[in-house]
$ cat run-v3.cif   # mmCIF, C-alpha atoms and all ligand atoms
data_entry
#
loop_
_atom_site.group_PDB
_atom_site.id
_atom_site.type_symbol
_atom_site.label_atom_id
_atom_site.label_comp_id
_atom_site.auth_asym_id
_atom_site.auth_seq_id
_atom_site.Cartn_x
_atom_site.Cartn_y
_atom_site.Cartn_z
ATOM 1 C CA MET G 11 0.000 0.000 0.000
ATOM 2 C CA LYS G 12 1.190 3.521 -0.868
ATOM 3 C CA ILE G 13 0.225 6.863 0.651
ATOM 4 C CA LYS G 14 1.604 10.368 0.214
ATOM 5 C CA ILE G 15 1.666 12.835 3.081
ATOM 6 C CA GLY G 16 3.014 16.241 2.090
ATOM 7 C CA ASN G 17 6.263 15.512 0.268
ATOM 8 C CA ILE G 18 6.712 12.115 1.845
ATOM 9 C CA ASN G 19 5.961 8.878 0.014
ATOM 10 C CA ILE G 20 5.060 6.074 2.394
ATOM 11 C CA LEU G 21 5.079 2.398 1.424
ATOM 12 C CA ILE G 22 3.421 0.052 3.881
ATOM 13 C CA THR G 23 4.265 -3.627 3.846
ATOM 14 C CA GLU G 24 2.810 -6.621 5.672
ATOM 15 C CA THR G 25 6.065 -7.826 7.205
ATOM 16 C CA TYR G 26 9.617 -6.836 8.141
ATOM 17 C CA ARG G 27 10.869 -9.168 5.389
ATOM 18 C CA GLU G 28 8.789 -7.403 2.772
ATOM 19 C CA MET G 29 9.956 -3.992 4.054
ATOM 20 C CA SER G 30 13.563 -5.194 3.784
ATOM 21 C CA LYS G 31 13.082 -6.561 0.275
ATOM 22 C CA LYS G 32 11.521 -3.340 -1.013
ATOM 23 C CA ALA G 33 14.305 -1.274 0.554
ATOM 24 C CA ALA G 34 16.969 -3.572 -0.920
ATOM 25 C CA SER G 35 15.378 -3.217 -4.370
ATOM 26 C CA LEU G 36 15.440 0.576 -4.104
ATOM 27 C CA VAL G 37 19.079 0.715 -3.027
ATOM 28 C CA THR G 38 20.092 -1.824 -5.675
ATOM 29 C CA ALA G 39 18.209 0.162 -8.347
ATOM 30 C CA GLN G 40 20.230 3.223 -7.334
ATOM 31 C CA VAL G 41 23.466 1.227 -7.773
ATOM 32 C CA ILE G 42 22.373 -0.064 -11.184
ATOM 33 C CA ILE G 43 21.157 3.303 -12.466
ATOM 34 C CA LYS G 44 24.211 5.192 -11.205
ATOM 35 C CA PRO G 45 27.105 2.753 -10.688
ATOM 36 C CA ASN G 46 29.294 5.436 -9.087
ATOM 37 C CA SER G 47 26.630 6.505 -6.585
ATOM 38 C CA ILE G 48 27.471 7.776 -3.139
ATOM 39 C CA LEU G 49 25.374 5.827 -0.641
ATOM 40 C CA GLY G 50 24.671 6.950 2.909
ATOM 41 C CA LEU G 51 24.200 3.919 5.138
ATOM 42 C CA ALA G 52 22.726 3.213 8.561
ATOM 43 C CA THR G 53 23.243 0.497 11.156
ATOM 44 C CA GLY G 54 21.025 -0.949 13.910
ATOM 45 C CA SER G 55 18.470 -3.722 13.787
ATOM 46 C CA THR G 56 16.140 -2.101 11.233
ATOM 47 C CA PRO G 57 18.353 -2.222 8.092
ATOM 48 C CA ALA G 58 19.881 -5.647 8.892
ATOM 49 C CA GLY G 59 17.192 -7.403 6.800
ATOM 50 C CA MET G 60 17.716 -4.947 3.949
ATOM 51 C CA TYR G 61 21.450 -5.703 3.847
ATOM 52 C CA LYS G 62 20.677 -9.439 3.800
ATOM 53 C CA GLU G 63 18.402 -8.943 0.801
ATOM 54 C CA MET G 64 20.967 -6.699 -0.932
ATOM 55 C CA VAL G 65 23.555 -9.456 -0.570
ATOM 56 C CA LYS G 66 21.096 -11.966 -2.054
ATOM 57 C CA ILE G 67 20.450 -9.716 -5.033
ATOM 58 C CA TYR G 68 24.194 -9.135 -5.405
ATOM 59 C CA ASN G 69 24.841 -12.889 -5.438
ATOM 60 C CA SER G 70 22.177 -13.658 -8.002
ATOM 61 C CA ASP G 71 22.400 -10.645 -10.292
ATOM 62 C CA GLN G 72 26.054 -9.638 -10.078
ATOM 63 C CA VAL G 73 25.270 -6.016 -9.185
ATOM 64 C CA ASP G 74 28.552 -4.126 -9.406
ATOM 65 C CA TYR G 75 29.592 -2.113 -6.330
ATOM 66 C CA SER G 76 33.171 -1.487 -7.503
ATOM 67 C CA GLU G 77 32.574 2.212 -8.157
ATOM 68 C CA ILE G 78 30.152 2.780 -5.278
ATOM 69 C CA LYS G 79 31.276 4.890 -2.327
ATOM 70 C CA SER G 80 29.556 4.756 1.030
ATOM 71 C CA PHE G 81 29.387 7.014 4.058
ATOM 72 C CA ASN G 82 27.927 5.740 7.292
ATOM 73 C CA LEU G 83 25.759 7.938 9.447
ATOM 74 C CA ASP G 84 27.543 7.420 12.701
ATOM 75 C CA GLU G 85 29.956 5.565 14.956
ATOM 76 C CA TYR G 86 30.269 5.265 18.691
ATOM 77 C CA TYR G 87 33.078 7.208 20.344
ATOM 78 C CA PRO G 88 35.503 6.073 21.498
ATOM 79 C CA ILE G 89 35.466 2.578 20.004
ATOM 80 C CA LYS G 90 38.000 0.406 18.190
ATOM 81 C CA LYS G 91 37.167 -0.668 14.636
ATOM 82 C CA TYR G 92 37.613 -4.340 15.509
ATOM 83 C CA ASN G 93 35.272 -4.098 18.509
ATOM 84 C CA LYS G 94 32.265 -6.263 17.617
ATOM 85 C CA GLN G 95 29.901 -3.521 18.772
ATOM 86 C CA SER G 96 31.419 -0.904 16.469
ATOM 87 C CA TYR G 97 29.411 0.169 13.464
ATOM 88 C CA ALA G 98 32.506 -0.473 11.330
ATOM 89 C CA TYR G 99 32.302 -4.135 12.362
ATOM 90 C CA TYR G 100 28.517 -4.211 11.831
ATOM 91 C CA MET G 101 28.840 -2.888 8.273
ATOM 92 C CA ASP G 102 31.572 -5.331 7.427
ATOM 93 C CA GLN G 103 29.551 -8.305 8.716
ATOM 94 C CA HIS G 104 26.206 -7.299 7.248
ATOM 95 C CA LEU G 105 27.256 -5.923 3.876
ATOM 96 C CA PHE G 106 30.776 -4.968 2.944
ATOM 97 C CA LYS G 107 32.485 -8.350 3.213
ATOM 98 C CA HIS G 108 29.790 -9.859 0.950
ATOM 99 C CA ILE G 109 29.962 -7.411 -1.992
ATOM 100 C CA ASN G 110 32.670 -6.026 -4.271
ATOM 101 C CA ILE G 111 32.870 -2.537 -2.755
ATOM 102 C CA SER G 112 36.466 -1.316 -2.508
ATOM 103 C CA ASN G 113 37.850 -0.758 1.013
ATOM 104 C CA GLN G 114 39.073 2.636 -0.160
ATOM 105 C CA HIS G 115 35.479 3.622 -0.911
ATOM 106 C CA ILE G 116 34.110 2.905 2.571
ATOM 107 C CA PHE G 117 33.830 5.857 4.945
ATOM 108 C CA ILE G 118 32.663 5.552 8.552
ATOM 109 C CA PRO G 119 33.368 8.196 11.224
ATOM 110 C CA ASN G 120 36.553 7.115 12.959
ATOM 111 C CA GLY G 121 35.710 6.123 16.527
ATOM 112 C CA GLU G 122 39.440 5.949 17.281
ATOM 113 C CA CYS G 123 40.405 9.447 16.150
ATOM 114 C CA GLU G 124 42.068 11.819 18.609
ATOM 115 C CA ASP G 125 40.998 15.069 17.049
ATOM 116 C CA VAL G 126 37.222 14.729 16.707
ATOM 117 C CA GLU G 127 36.723 18.229 15.362
ATOM 118 C CA THR G 128 39.138 17.610 12.458
ATOM 119 C CA GLU G 129 37.606 14.173 11.800
ATOM 120 C CA CYS G 130 34.125 15.711 11.577
ATOM 121 C CA ARG G 131 35.179 18.543 9.238
ATOM 122 C CA ALA G 132 37.082 16.104 6.994
ATOM 123 C CA TYR G 133 34.054 13.781 6.862
ATOM 124 C CA ASP G 134 31.698 16.512 5.626
ATOM 125 C CA GLU G 135 34.307 17.872 3.246
ATOM 126 C CA ARG G 136 34.862 14.468 1.664
ATOM 127 C CA ILE G 137 31.103 14.021 1.108
ATOM 128 C CA HIS G 138 30.977 17.479 -0.451
ATOM 129 C CA ILE G 139 34.019 16.976 -2.707
ATOM 130 C CA LEU G 140 32.616 13.691 -3.997
ATOM 131 C CA GLY G 141 29.409 15.467 -5.035
ATOM 132 C CA GLY G 142 27.086 14.683 -2.115
ATOM 133 C CA ILE G 143 25.114 11.638 -1.073
ATOM 134 C CA ASP G 144 22.799 10.271 -3.768
ATOM 135 C CA LEU G 145 20.729 8.042 -1.493
ATOM 136 C CA GLN G 146 20.758 8.157 2.307
ATOM 137 C CA VAL G 147 19.285 5.212 4.228
ATOM 138 C CA LEU G 148 17.960 6.033 7.698
ATOM 139 C CA GLY G 149 16.499 4.189 10.659
ATOM 140 C CA ILE G 150 14.768 6.128 13.429
ATOM 141 C CA GLY G 151 15.118 6.054 17.208
ATOM 142 C CA VAL G 152 12.004 5.840 19.409
ATOM 143 C CA ASN G 153 12.795 9.430 20.417
ATOM 144 C CA GLY G 154 12.890 10.547 16.773
ATOM 145 C CA HIS G 155 16.637 10.636 16.341
ATOM 146 C CA ILE G 156 18.106 10.149 12.874
ATOM 147 C CA GLY G 157 21.763 9.296 12.798
ATOM 148 C CA PHE G 158 22.549 10.119 16.413
ATOM 149 C CA ASN G 159 20.945 13.547 16.243
ATOM 150 C CA GLU G 160 19.088 13.389 19.516
ATOM 151 C CA PRO G 161 16.111 15.633 20.435
ATOM 152 C CA ASP G 162 17.458 19.109 21.129
ATOM 153 C CA VAL G 163 16.547 22.770 21.140
ATOM 154 C CA HIS G 164 18.125 23.327 17.730
ATOM 155 C CA PHE G 165 19.042 21.227 14.692
ATOM 156 C CA GLU G 166 22.780 20.442 14.809
ATOM 157 C CA SER G 167 23.837 20.945 11.242
ATOM 158 C CA ARG G 168 27.067 19.146 10.382
ATOM 159 C CA THR G 169 28.949 16.031 11.448
ATOM 160 C CA HIS G 170 29.659 16.398 15.150
ATOM 161 C CA MET G 171 30.230 14.671 18.460
ATOM 162 C CA VAL G 172 27.025 13.795 20.322
ATOM 163 C CA THR G 173 26.176 12.712 23.812
ATOM 164 C CA LEU G 174 23.706 9.870 23.579
ATOM 165 C CA ASP G 175 20.354 10.133 25.335
ATOM 166 C CA GLU G 176 19.654 7.761 28.195
ATOM 167 C CA ASP G 177 16.822 6.260 26.046
ATOM 168 C CA THR G 178 19.241 5.565 23.205
ATOM 169 C CA ILE G 179 21.785 3.992 25.540
ATOM 170 C CA LYS G 180 19.025 1.771 26.967
ATOM 171 C CA ALA G 181 17.738 0.848 23.499
ATOM 172 C CA ASN G 182 21.223 -0.020 22.237
ATOM 173 C CA ALA G 183 22.236 -1.963 25.359
ATOM 174 C CA ARG G 184 20.809 -5.059 23.630
ATOM 175 C CA PHE G 185 23.868 -5.103 21.358
ATOM 176 C CA PHE G 186 26.362 -4.901 24.261
ATOM 177 C CA PRO G 187 27.226 -7.323 27.085
ATOM 178 C CA SER G 188 25.755 -4.768 29.534
ATOM 179 C CA LYS G 189 24.246 -1.274 29.528
ATOM 180 C CA ASP G 190 27.375 0.095 31.227
ATOM 181 C CA GLU G 191 29.435 -0.851 28.196
ATOM 182 C CA VAL G 192 27.417 1.261 25.725
ATOM 183 C CA PRO G 193 29.597 4.293 24.903
ATOM 184 C CA SER G 194 27.900 7.497 26.025
ATOM 185 C CA ARG G 195 29.102 9.428 22.978
ATOM 186 C CA ALA G 196 29.152 9.055 19.200
ATOM 187 C CA ILE G 197 30.172 10.895 16.058
ATOM 188 C CA SER G 198 27.153 11.524 13.844
ATOM 189 C CA MET G 199 26.397 13.173 10.546
ATOM 190 C CA GLY G 200 24.400 16.300 11.298
ATOM 191 C CA ILE G 201 20.906 17.135 10.156
ATOM 192 C CA ARG G 202 22.105 19.367 7.333
ATOM 193 C CA THR G 203 24.488 16.714 6.049
ATOM 194 C CA ILE G 204 21.551 14.282 5.995
ATOM 195 C CA MET G 205 19.147 16.812 4.447
ATOM 196 C CA ASP G 206 21.683 17.606 1.686
ATOM 197 C CA SER G 207 21.302 14.026 0.385
ATOM 198 C CA LYS G 208 19.543 13.893 -2.963
ATOM 199 C CA LYS G 209 17.186 11.083 -1.871
ATOM 200 C CA ILE G 210 16.307 9.739 1.553
ATOM 201 C CA LEU G 211 14.961 6.299 2.408
ATOM 202 C CA LEU G 212 13.785 5.831 5.992
ATOM 203 C CA LEU G 213 12.847 2.405 7.326
ATOM 204 C CA ALA G 214 10.941 1.489 10.478
ATOM 205 C CA ASN G 215 9.289 -1.634 11.758
ATOM 206 C CA GLY G 216 7.446 -2.740 14.873
ATOM 207 C CA LEU G 217 4.785 -1.197 17.095
ATOM 208 C CA GLY G 218 7.481 0.514 19.163
ATOM 209 C CA LYS G 219 8.108 2.910 16.248
ATOM 210 C CA ALA G 220 4.422 3.630 15.430
ATOM 211 C CA GLU G 221 4.099 6.759 17.566
ATOM 212 C CA ILE G 222 7.355 8.375 16.482
ATOM 213 C CA ILE G 223 6.597 7.691 12.824
ATOM 214 C CA HIS G 224 3.251 9.429 13.292
ATOM 215 C CA ARG G 225 4.956 12.434 14.915
ATOM 216 C CA THR G 226 7.619 12.504 12.196
ATOM 217 C CA VAL G 227 5.096 12.643 9.396
ATOM 218 C CA PHE G 228 2.223 14.629 10.908
ATOM 219 C CA GLY G 229 3.803 16.481 13.821
ATOM 220 C CA GLU G 230 5.272 19.941 14.123
ATOM 221 C CA ILE G 231 8.716 20.296 12.547
ATOM 222 C CA SER G 232 10.871 20.650 15.622
ATOM 223 C CA PRO G 233 14.374 19.694 16.806
ATOM 224 C CA ASN G 234 12.532 17.944 19.607
ATOM 225 C CA VAL G 235 11.659 15.299 16.996
ATOM 226 C CA PRO G 236 14.730 15.472 14.735
ATOM 227 C CA ALA G 237 13.180 13.240 12.042
ATOM 228 C CA SER G 238 10.320 15.743 11.575
ATOM 229 C CA ILE G 239 12.715 17.872 9.472
ATOM 230 C CA LEU G 240 12.287 15.262 6.733
ATOM 231 C CA GLN G 241 8.917 16.893 5.953
ATOM 232 C CA LEU G 242 11.007 19.625 4.295
ATOM 233 C CA HIS G 243 13.027 17.291 2.052
ATOM 234 C CA LYS G 244 11.992 16.991 -1.596
ATOM 235 C CA ASP G 245 12.554 13.274 -2.097
ATOM 236 C CA VAL G 246 11.814 11.103 0.935
ATOM 237 C CA THR G 247 10.468 7.563 0.879
ATOM 238 C CA ILE G 248 9.502 5.859 4.119
ATOM 239 C CA ILE G 249 9.002 2.089 4.112
ATOM 240 C CA LEU G 250 7.143 0.699 7.111
ATOM 241 C CA ASP G 251 5.868 -2.656 8.162
ATOM 242 C CA LYS G 252 2.207 -2.580 9.140
ATOM 243 C CA ASP G 253 2.981 -2.307 12.866
ATOM 244 C CA ALA G 254 5.119 0.812 12.486
ATOM 245 C CA ALA G 255 2.438 2.214 10.155
ATOM 246 C CA GLU G 256 -0.401 1.678 12.637
ATOM 247 C CA GLN G 257 -0.845 5.276 13.836
ATOM 248 C CA VAL G 258 -0.215 6.829 10.424
ATOM 249 C CA LEU G 259 -2.894 4.588 8.938
ATOM 250 C CA ASN G 260 -5.378 5.406 11.719
ATOM 251 C CA HIS G 261 -4.767 9.111 11.160
ATOM 252 C CA ALA G 262 -5.198 8.795 7.389
ATOM 253 C CA LYS G 263 -8.440 6.758 7.892
ATOM 254 C CA CYS G 264 -9.864 9.334 10.367
ATOM 255 C CA ASN G 265 -9.212 12.102 7.854
ATOM 256 C CA GLU G 266 -10.976 10.159 5.117
ATOM 257 C CA ALA G 267 -14.055 9.551 7.295
HETATM 258 C C1 LIG J 301 22.218 3.880 13.187
HETATM 259 C C2 LIG J 301 21.500 5.112 13.450
HETATM 260 C C3 LIG J 301 20.345 5.183 14.377
HETATM 261 C C4 LIG J 301 19.385 3.995 14.233
HETATM 262 C C5 LIG J 301 18.248 4.112 15.242
HETATM 263 C C6 LIG J 301 17.290 2.938 15.153
HETATM 264 O O1 LIG J 301 23.258 4.079 12.269
HETATM 265 O O2 LIG J 301 21.880 6.101 12.925
HETATM 266 O O3 LIG J 301 19.645 6.379 14.130
HETATM 267 O O4 LIG J 301 18.870 3.990 12.931
HETATM 268 O O5 LIG J 301 18.770 4.176 16.533
HETATM 269 O O6 LIG J 301 17.955 1.780 15.551
HETATM 270 P P1 LIG J 301 17.272 0.352 15.387
HETATM 271 O O7 LIG J 301 17.176 0.094 13.922
HETATM 272 O O8 LIG J 301 18.233 -0.609 16.049
HETATM 273 O O9 LIG J 301 15.938 0.431 16.043
#

$ encode --input "run-v3.cif" --output "structure tokens" --more "lines below"
Ligand code: F6R
Amino acid sequence: MKIKIGNINILITETYREMSKKAASLVTAQVIIKPNSILGLATGSTPAGMYKEMVKIYNSDQVDYSEIKSFNLDEYYPIKKYNKQSYAYYMDQHLFKHINISNQHIFIPNGECEDVETECRAYDERIHILGGIDLQVLGIGVNGHIGFNEPDVHFESRTHMVTLDEDTIKANARFFPSKDEVPSRAISMGIRTIMDSKKILLLANGLGKAEIIHRTVFGEISPNVPASILQLHKDVTIILDKDAAEQVLNHAKCNEA
């Protein structure tokens, strides 16, 4: 099912698997149409199924990633690349080691850098020099964060160091041996860096995301719900499973009645 709310195209699927397959088809189409695309990639549990489907398509159709470049949204700080909880490790396990992307074309904020300020400026500059992100994949936190741009009083524009919200630390504790081991900081692309992407694809699944998806799409545009800024982007697609779509669908039905 498809609905359009303002500028945002929403695709609603029955299951997480279907959401993942649709997302994988869209990202793969981008790679086929523009083989030297710059992809913006996300981590977390939401896009894991999409990466699995992308690898399947890669294995059956020989999609060529040799000219693709990728920039990840974020990385914990401080964290070693080989730490199994790092996003560098996640990306390698879920996608990069399975496809023919060149190691030189993979960019993830360096969780081991000493000079964070310089790392952040260099990250944005590299994206800019390469011509900007063609397609940015996003997940969303239950508090509305995109990347690690947590609710705030203003939109933080460029790649920067963030202090993670207690909610985010709790939510991400499931990936760590204990909550105490979740780093309290991260380096994240900023809202402007994300909004400068030519296309945005946001994924969400599960009832736990239903309320924040509703606020993102219908709510006031406010740094208190960072994802709400997406209402101002010209080319956003959101793919939801039916649970994450629950409140959006109820709202749309009420308006029809
Ligand atoms: C990850 C990221 C975060 C996650 C969000 C949702 O790179 O930037 O914004 O997308 O925390 O995480 P999951 O998918 O685990 O619910």

$ residues_near_ligand --input "run-v3.cif" --ligand "ligand LIG 301 (chain J)" --cutoff "6 Å" --atoms "only C-alpha atoms and all ligand atoms" --output "list in words"
Ala52, Thr53, Gly54, Ser55, Thr56, Leu83, Asp84, Leu148, Gly149, Ile150, Gly151, His155, Ile156, Gly157 and Phe158 of chain G

$ write_last_selection --input "run-v3.cif" --atoms "C-alpha atoms" --output "PDB file, keeping the file's coordinate frame"
ATOM      1  CA  ALA G  52      22.726   3.213   8.561  1.00  0.00           C
ATOM      2  CA  THR G  53      23.243   0.497  11.156  1.00  0.00           C
ATOM      3  CA  GLY G  54      21.025  -0.949  13.910  1.00  0.00           C
ATOM      4  CA  SER G  55      18.470  -3.722  13.787  1.00  0.00           C
ATOM      5  CA  THR G  56      16.140  -2.101  11.233  1.00  0.00           C
ATOM      6  CA  LEU G  83      25.759   7.938   9.447  1.00  0.00           C
ATOM      7  CA  ASP G  84      27.543   7.420  12.701  1.00  0.00           C
ATOM      8  CA  LEU G 148      17.960   6.033   7.698  1.00  0.00           C
ATOM      9  CA  GLY G 149      16.499   4.189  10.659  1.00  0.00           C
ATOM     10  CA  ILE G 150      14.768   6.128  13.429  1.00  0.00           C
ATOM     11  CA  GLY G 151      15.118   6.054  17.208  1.00  0.00           C
ATOM     12  CA  HIS G 155      16.637  10.636  16.341  1.00  0.00           C
ATOM     13  CA  ILE G 156      18.106  10.149  12.874  1.00  0.00           C
ATOM     14  CA  GLY G 157      21.763   9.296  12.798  1.00  0.00           C
ATOM     15  CA  PHE G 158      22.549  10.119  16.413  1.00  0.00           C
TER      16      PHE G 158
END

$ axis_aligned_box --input "run-v3.cif" --around "region 98-111 of chain G" --padding-each-side "3 Å" --output "lines of an AutoDock Vina configuration file"
center_x = 29.5
center_y = -5.2
center_z = 4.0
size_x = 12.7
size_y = 15.4
size_z = 22.6

$ atom_distance --input "run-v3.cif" --atom1 "CA of Ala39 (chain G)" --atom2 "CA of Lys66 (chain G)"
14.0 Å

$ closest_residue --input "run-v3.cif" --among "G:Met205, G:Ile197, G:Phe106, G:Ile43" --to "Val65 (chain G)" --atoms "all atoms listed in the file"
G:Phe106

$ closest_residue --input "run-v3.cif" --among "G:Ile67, G:Ala254, G:Leu51, G:Leu140" --to "Asn215 (chain G)" --atoms "all atoms listed in the file"
G:Ala254

$ resolve_selection --input "run-v3.cif" --expression "the PyMOL selection byres (((chain G and resi 224) around 10) and not hetatm)" --output "mmCIF file with C-alpha atoms, in the frame of the given file"
data_model
loop_
_atom_site.group_PDB
_atom_site.id
_atom_site.type_symbol
_atom_site.label_atom_id
_atom_site.label_comp_id
_atom_site.auth_asym_id
_atom_site.auth_seq_id
_atom_site.Cartn_x
_atom_site.Cartn_y
_atom_site.Cartn_z
ATOM 1 C CA LYS G 219 8.108 2.910 16.248
ATOM 2 C CA ALA G 220 4.422 3.630 15.430
ATOM 3 C CA GLU G 221 4.099 6.759 17.566
ATOM 4 C CA ILE G 222 7.355 8.375 16.482
ATOM 5 C CA ILE G 223 6.597 7.691 12.824
ATOM 6 C CA ARG G 225 4.956 12.434 14.915
ATOM 7 C CA THR G 226 7.619 12.504 12.196
ATOM 8 C CA VAL G 227 5.096 12.643 9.396
ATOM 9 C CA PHE G 228 2.223 14.629 10.908
ATOM 10 C CA GLY G 229 3.803 16.481 13.821
ATOM 11 C CA SER G 238 10.320 15.743 11.575
ATOM 12 C CA ALA G 254 5.119 0.812 12.486
ATOM 13 C CA ALA G 255 2.438 2.214 10.155
ATOM 14 C CA GLU G 256 -0.401 1.678 12.637
ATOM 15 C CA GLN G 257 -0.845 5.276 13.836
ATOM 16 C CA VAL G 258 -0.215 6.829 10.424
ATOM 17 C CA LEU G 259 -2.894 4.588 8.938
ATOM 18 C CA ASN G 260 -5.378 5.406 11.719
ATOM 19 C CA HIS G 261 -4.767 9.111 11.160
#

$ resolve_selection --input "run-v3.cif" --expression "the PyMOL selection byres (((chain G and resi 133) around 10) and not hetatm)" --output "PDB file with C-alpha atoms, in the coordinates of the input"
ATOM      1  CA  PHE G  81      29.387   7.014   4.058  1.00  0.00           C
ATOM      2  CA  PHE G 117      33.830   5.857   4.945  1.00  0.00           C
ATOM      3  CA  ILE G 118      32.663   5.552   8.552  1.00  0.00           C
ATOM      4  CA  PRO G 119      33.368   8.196  11.224  1.00  0.00           C
ATOM      5  CA  ASN G 120      36.553   7.115  12.959  1.00  0.00           C
ATOM      6  CA  GLU G 127      36.723  18.229  15.362  1.00  0.00           C
ATOM      7  CA  THR G 128      39.138  17.610  12.458  1.00  0.00           C
ATOM      8  CA  GLU G 129      37.606  14.173  11.800  1.00  0.00           C
ATOM      9  CA  CYS G 130      34.125  15.711  11.577  1.00  0.00           C
ATOM     10  CA  ARG G 131      35.179  18.543   9.238  1.00  0.00           C
ATOM     11  CA  ALA G 132      37.082  16.104   6.994  1.00  0.00           C
ATOM     12  CA  ASP G 134      31.698  16.512   5.626  1.00  0.00           C
ATOM     13  CA  GLU G 135      34.307  17.872   3.246  1.00  0.00           C
ATOM     14  CA  ARG G 136      34.862  14.468   1.664  1.00  0.00           C
ATOM     15  CA  ILE G 137      31.103  14.021   1.108  1.00  0.00           C
ATOM     16  CA  HIS G 138      30.977  17.479  -0.451  1.00  0.00           C
ATOM     17  CA  ARG G 168      27.067  19.146  10.382  1.00  0.00           C
ATOM     18  CA  THR G 169      28.949  16.031  11.448  1.00  0.00           C
ATOM     19  CA  HIS G 170      29.659  16.398  15.150  1.00  0.00           C
ATOM     20  CA  MET G 199      26.397  13.173  10.546  1.00  0.00           C
TER      21      MET G 199
END

$ resolve_selection --input "run-v3.cif" --expression "the PyMOL selection byres (((chain G and resi 173) around 8) and not hetatm)" --output "MDAnalysis selection string"
chainID G and resid 171:172 174:175 194:196

$ closest_residue --input "run-v3.cif" --among "G:Cys264, G:Met64, G:Ala98, G:Leu242" --to "Ile201 (chain G)" --atoms "all atoms listed in the file"
G:Leu242

$ atom_distance --input "run-v3.cif" --atom1 "CA of Gly59 (chain G)" --atom2 "CA of Ser30 (chain G)"
5.2 Å

$ atom_distance --input "run-v3.cif" --atom1 "CA of Ala183 (chain G)" --atom2 "CA of Ser232 (chain G)"
27.1 Å

$ residues_around --input "run-v3.cif" --residues "Ser35 (chain G)" --least-positions-apart "3" --cutoff "12 Å" --atoms "only C-alpha atoms" --output "list in words"
Glu28, Met29, Ser30, Lys31, Lys32, Thr38, Ala39, Gln40, Val41, Ile42, Ile43, Met60, Tyr61, Lys62, Glu63, Met64, Val65, Lys66, Ile67, Tyr68, Asp71, Val73, Leu211 and Ile249 of chain G

$ closest_residue --input "run-v3.cif" --among "G:Ser70, G:Gln103, G:Ser96, G:Gln146" --to "Pro193 (chain G)" --atoms "only C-alpha atoms"
G:Ser96

$ closest_residue --input "run-v3.cif" --among "G:Met11, G:Val163, G:Ile111, G:Ile143" --to "Arg202 (chain G)" --atoms "all atoms listed in the file"
G:Ile143

$ closest_residue --input "run-v3.cif" --among "G:Ile78, G:Val192, G:Ile116, G:Leu145" --to "Gln95 (chain G)" --atoms "only C-alpha atoms"
G:Val192
